[in-house]
Structures are given as C-alpha cells and as structure tokens.
Amino acid sequence: MPDISIPQKARPFLKWAGGKRQLLEQLKSHFPPELDDGCITRYVEPFIGSGAVFFDLVQTYIQDDCLIADVNPELILVYLTIQSRVDELIDQLGDLERDYLSLSEADRQNFYYQIRARYNNQRDLIDFGVLESAWVERSVNMLFLNRTGYNGLYRVNSKGDFNVPCGRYKNPRILDEENLHNVSAVLNRVSIRYGDFEDVADFVDDKTLVYFDPPYRPISETAHFTTYSKQAFNDNQQLRLADFYRQLDAKGAKLMLSNSDPHNIDPHDDFFERAYDGFRIERLQAKRNINRDPTKRGPISELLILNY
Ligand SMILES: C[S@@+](CC[C@H](N)C(=O)[O-])C[C@H]1O[C@@H](n2cnc3c(N)ncnc32)[C@H](O)[C@@H]1O
C-alpha cells in the first residue's frame, strides 16, 4: 500500500521549460486508481526534464521500482552525479555561489559568460559513458547556469553550444543543499538512463505506469520554443511516439501522455485525435503564455491522453 504520510522532501532541482509543477494537481487527479490500491508497482518517465511528476509520485506511491530517462546527455549527467557524488557537488557549487555573490553586477555578468564558455569548451573532453570527477564540475556549472541564466532556460544552438544569456536576478539561490541531499536519497532508489524514449520498453510491464511528457507540438508559427537538444521533435517524432504508446498499451501498462492542444488555435486540427484514435483525450486548463502579446494571454488547454 502506498504510504501517503511521507513528507515530500525532494523537489525538482532544475528550472526546465515545460516543467509540470503548475499542472501537477490536475495531473494527479488523473492518475490511475490502481496506484491507490497498490496494483501498480512500477513507474517510468522517459522524458524526465526536471521531473516534477516523478518527484511527487516517487515520494507518495512507488518508492523504488522507477526508471527515469531523457535524450539530453547533459541532463542525465547531472542526475547521475547527484545520485552518486552529491557531497562533492555541494562543496563545489557552494564555492562557486560564494565567488559569484561576492561580485558586483557587472562582474557577475562576466563571470556567467566565463562559466558558460568553459562549459561549452569542455564538452568534447567529457566521456558521457563513464562517471568521473569531471562530471562533478560539469554538473556544478550546469546548475549554476540554470540558476543564473535567463529564465532558467536550457537551450543549445545547432553546434550544441549552450547559448542562454545571463539572467537578472538580485540574489539567486544557487545552492539548495538540503534539497540536493533529499534528491540524492530519492535518486539512489531509482534507475536513470540516457537515451531515446523507445529505449525504456524493456522496463515496462502490465504493472507499470508510464508518464510521457514529450516536447510539445508547436501550436502556432510563433510558438515554437525549444531546442532542448540538437534533434528537433517534429510531427514524425510525435507519430513515432504514438506508435510506441500503442506498443506499451498492448503490454497492459497504464499510460498518461501530455501535449499541446491544437484546438487552442485551430479547432479543425485533429492531429492528436487521429494519432491516438481509440484512447481517451482529456483537456486540462493551463496558464501558459503562448502569445507574445500579453493582452492576448490567458488560460489555454493542454491534452492528457490516457489508455484507462
Ligand atoms: C517537456 S520536457 C519534459 C518536462 C518535464 N516533464 C518537467 O517537468 O520538467 C521534454 C523532455 O524531453 C526530452 N526529449 C526530447 N526528445 C526526446 C527523445 N527522443 N527521447 C527522450 N527524451 C527526449 C528533452 O530533452 C526534454 O527534457
């Protein structure tokens, strides 16, 4: 039986575009009832990002039989480092925070761009396959850039260089030591993988809940955010994902998938109704800003596609 008395200690440690904190309560109300009666014993999240749903669920329902994955190697490197080298990471991030906060505003900008340049220059020297000391410094730099960069974005250009400009925060909290310890304790109980979403198939059985939160299909010409990684997630990728959803459905797993709702812009665009024909499509209300013109911003709906 799930122990819902456990306090939720570990929270997402990164700001991440498309983070699900805001929608969490609505998503939770759509969790399958089998989570409550203990019939679901595994959890898989193949587009982990900052992991808002994962951190909530792993501290409420499924304590250890979890797999999280993402195709962004830098992101997975940070998760694996926090899993096994959190003390070193905290020490080094604390040093960096002290150095940064002691500087004037102008010098902080220079400092940010120095760290960003180092982060990009060192990429080719990193062996992403072997956890080594260099991973700690890389994770420290990534967390620093995430906390002090513009809007906490993670964005790379076509060469793979991280290209977010510095942000304008008066006193950014760069190191949250307690949270990192709590995150590390949670991550020690779960499996973490770098790879494409299809690579999680072997872990999924009929007692598994899978939550998919892929890059959203752009709903208008101007709304296409985001290069989380060098590869684009275009309509062909969305359809490959729909095929994979059907494969896992055939295994008897419970499936939840988020995406944008084309009907916000074009009521005749039935891309998802066709791709997920036969499954349940719910519309959730979100407060995302999809319009550059602030007067035209308001609640929009997002899709939740369920096989139960
Ligand atoms: C919308 S974000 C997930 C947001 C996350 N739910 C959160 O709360 O922060 C999408 C994620 O999918 C990852 N991604 C993109 N293409 C992928 C692929 N083919 N396989 C696995 N992950 C992929 C991106 O690196 C990104 O982290």
# chains A, B, ... in the order shown; residues from 1 in each chain; ligands from 1

$ closest_atom_pairs --of "chain A" --to "ligand 1" --cutoff "7 Å" --atoms "only C-alpha atoms and all ligand atoms" --output "JSON lines"
{"residue": "A:Trp16", "atom": "CA", "partner": "ligand 1", "partner_atom_place_in_ligand_line": "9 (O)", "distance": 5.0}
{"residue": "A:Ala17", "atom": "CA", "partner": "ligand 1", "partner_atom_place_in_ligand_line": "9 (O)", "distance": 6.4}
{"residue": "A:Gly18", "atom": "CA", "partner": "ligand 1", "partner_atom_place_in_ligand_line": "1 (C)", "distance": 4.4}
{"residue": "A:Gly19", "atom": "CA", "partner": "ligand 1", "partner_atom_place_in_ligand_line": "8 (O)", "distance": 3.4}
{"residue": "A:Lys20", "atom": "CA", "partner": "ligand 1", "partner_atom_place_in_ligand_line": "8 (O)", "distance": 4.1}
{"residue": "A:Arg21", "atom": "CA", "partner": "ligand 1", "partner_atom_place_in_ligand_line": "8 (O)", "distance": 6.5}
{"residue": "A:Pro46", "atom": "CA", "partner": "ligand 1", "partner_atom_place_in_ligand_line": "21 (C)", "distance": 5.6}
{"residue": "A:Phe47", "atom": "CA", "partner": "ligand 1", "partner_atom_place_in_ligand_line": "12 (O)", "distance": 4.0}
{"residue": "A:Ile48", "atom": "CA", "partner": "ligand 1", "partner_atom_place_in_ligand_line": "5 (C)", "distance": 5.2}
{"residue": "A:Gly49", "atom": "CA", "partner": "ligand 1", "partner_atom_place_in_ligand_line": "27 (O)", "distance": 3.6}
{"residue": "A:Ser50", "atom": "CA", "partner": "ligand 1", "partner_atom_place_in_ligand_line": "9 (O)", "distance": 3.6}
{"residue": "A:Gly51", "atom": "CA", "partner": "ligand 1", "partner_atom_place_in_ligand_line": "8 (O)", "distance": 4.5}
{"residue": "A:Ala52", "atom": "CA", "partner": "ligand 1", "partner_atom_place_in_ligand_line": "8 (O)", "distance": 4.4}
{"residue": "A:Val53", "atom": "CA", "partner": "ligand 1", "partner_atom_place_in_ligand_line": "8 (O)", "distance": 6.3}
{"residue": "A:Ala69", "atom": "CA", "partner": "ligand 1", "partner_atom_place_in_ligand_line": "21 (C)", "distance": 6.6}
{"residue": "A:Asp70", "atom": "CA", "partner": "ligand 1", "partner_atom_place_in_ligand_line": "22 (N)", "distance": 4.0}
{"residue": "A:Val71", "atom": "CA", "partner": "ligand 1", "partner_atom_place_in_ligand_line": "22 (N)", "distance": 4.2}
{"residue": "A:Asn72", "atom": "CA", "partner": "ligand 1", "partner_atom_place_in_ligand_line": "25 (O)", "distance": 4.5}
{"residue": "A:Gly195", "atom": "CA", "partner": "ligand 1", "partner_atom_place_in_ligand_line": "21 (C)", "distance": 6.0}
{"residue": "A:Asp196", "atom": "CA", "partner": "ligand 1", "partner_atom_place_in_ligand_line": "20 (N)", "distance": 3.6}
{"residue": "A:Phe197", "atom": "CA", "partner": "ligand 1", "partner_atom_place_in_ligand_line": "20 (N)", "distance": 3.9}
{"residue": "A:Asp213", "atom": "CA", "partner": "ligand 1", "partner_atom_place_in_ligand_line": "6 (N)", "distance": 5.0}
{"residue": "A:Pro214", "atom": "CA", "partner": "ligand 1", "partner_atom_place_in_ligand_line": "10 (C)", "distance": 4.4}
{"residue": "A:Pro215", "atom": "CA", "partner": "ligand 1", "partner_atom_place_in_ligand_line": "1 (C)", "distance": 4.3}
{"residue": "A:Tyr216", "atom": "CA", "partner": "ligand 1", "partner_atom_place_in_ligand_line": "1 (C)", "distance": 6.3}
{"residue": "A:Tyr228", "atom": "CA", "partner": "ligand 1", "partner_atom_place_in_ligand_line": "25 (O)", "distance": 5.0}
{"residue": "A:Ser229", "atom": "CA", "partner": "ligand 1", "partner_atom_place_in_ligand_line": "25 (O)", "distance": 5.9}
{"residue": "A:Phe233", "atom": "CA", "partner": "ligand 1", "partner_atom_place_in_ligand_line": "16 (N)", "distance": 6.0}

$ select_by_dssp --residues "stretch 5-187 of chain A" --states "alpha helix (DSSP H)" --output "PyMOL selection string"
chain A and resi 24-28+52-58+73-84+86-101+105-121+133-148+177-187

$ closest_residue --among "A:Arg168, A:Arg283, A:Arg42, A:Arg116" --to "A:Gln63" --atoms "only C-alpha atoms"
A:Arg42

$ select_by_dssp --residues "stretch 110-267 of chain A" --states "strand (DSSP E)" --output "list in words"
Ser191, Ile192, Arg193, Tyr194, Thr208, Leu209, Val210, Tyr211, Phe212, Lys254, Leu255, Met256, Leu257, Ser258, Asn259 and Ser260 of chain A

$ closest_residue --among "A:Leu303, A:Val44, A:Leu27, A:Leu96" --to "A:Phe203" --atoms "only C-alpha atoms"
A:Val44

$ closest_residue --among "A:Leu35, A:Val136, A:Leu101, A:Ile265" --to "A:Glu74" --atoms "only C-alpha atoms"
A:Val136

$ residues_around --residues "A:Phe272" --least-positions-apart "4" --cutoff "12 Å" --atoms "only C-alpha atoms" --output "count of residues only"
29

$ residues_around --residues "A:Met256" --least-positions-apart "6" --cutoff "8 Å" --atoms "only C-alpha atoms" --output "number ranges by chain"
A: 209-212, 304-307

$ write_last_selection --atoms "N, CA and C atoms" --output "CSV table (one decimal), in the first residue's frame"
chain,number,residue,atom,x,y,z
A,209,LEU,N,3.1,2.2,-14.6
A,209,LEU,CA,2.5,3.4,-15.1
A,209,LEU,C,3.6,4.2,-15.8
A,210,VAL,N,3.3,4.6,-17.0
A,210,VAL,CA,4.2,5.4,-17.8
A,210,VAL,C,3.7,6.8,-18.0
A,211,TYR,N,4.4,7.8,-17.7
A,211,TYR,CA,4.0,9.2,-18.0
A,211,TYR,C,4.9,9.8,-19.0
A,212,PHE,N,4.4,10.2,-20.1
A,212,PHE,CA,5.1,10.8,-21.2
A,212,PHE,C,4.9,12.3,-21.2
A,304,LEU,N,-4.3,15.6,-22.3
A,304,LEU,CA,-3.8,14.5,-21.5
A,304,LEU,C,-4.4,13.3,-22.1
A,305,ILE,N,-3.6,12.4,-22.6
A,305,ILE,CA,-4.1,11.2,-23.4
A,305,ILE,C,-3.9,10.0,-22.5
A,306,LEU,N,-5.0,9.3,-22.3
A,306,LEU,CA,-5.0,8.2,-21.3
A,306,LEU,C,-5.5,6.9,-21.9
A,307,ASN,N,-4.9,5.8,-21.5
A,307,ASN,CA,-5.4,4.5,-22.0
A,307,ASN,C,-6.3,3.8,-21.0

$ residues_around --residues "A:Leu248" --least-positions-apart "6" --cutoff "8 Å" --atoms "only C-alpha atoms" --output "list in words"
Ala201, Val204 and Leu255 of chain A

$ write_last_selection --atoms "C-alpha atoms" --output "PDB file, in the first residue's frame"
ATOM      1  CA  ALA A 201      10.381  -0.562 -23.479  1.00  0.00           C
ATOM      2  CA  VAL A 204       7.543  -1.739 -18.920  1.00  0.00           C
ATOM      3  CA  LEU A 255      -0.276   5.306 -19.876  1.00  0.00           C
TER       4      LEU A 255
END
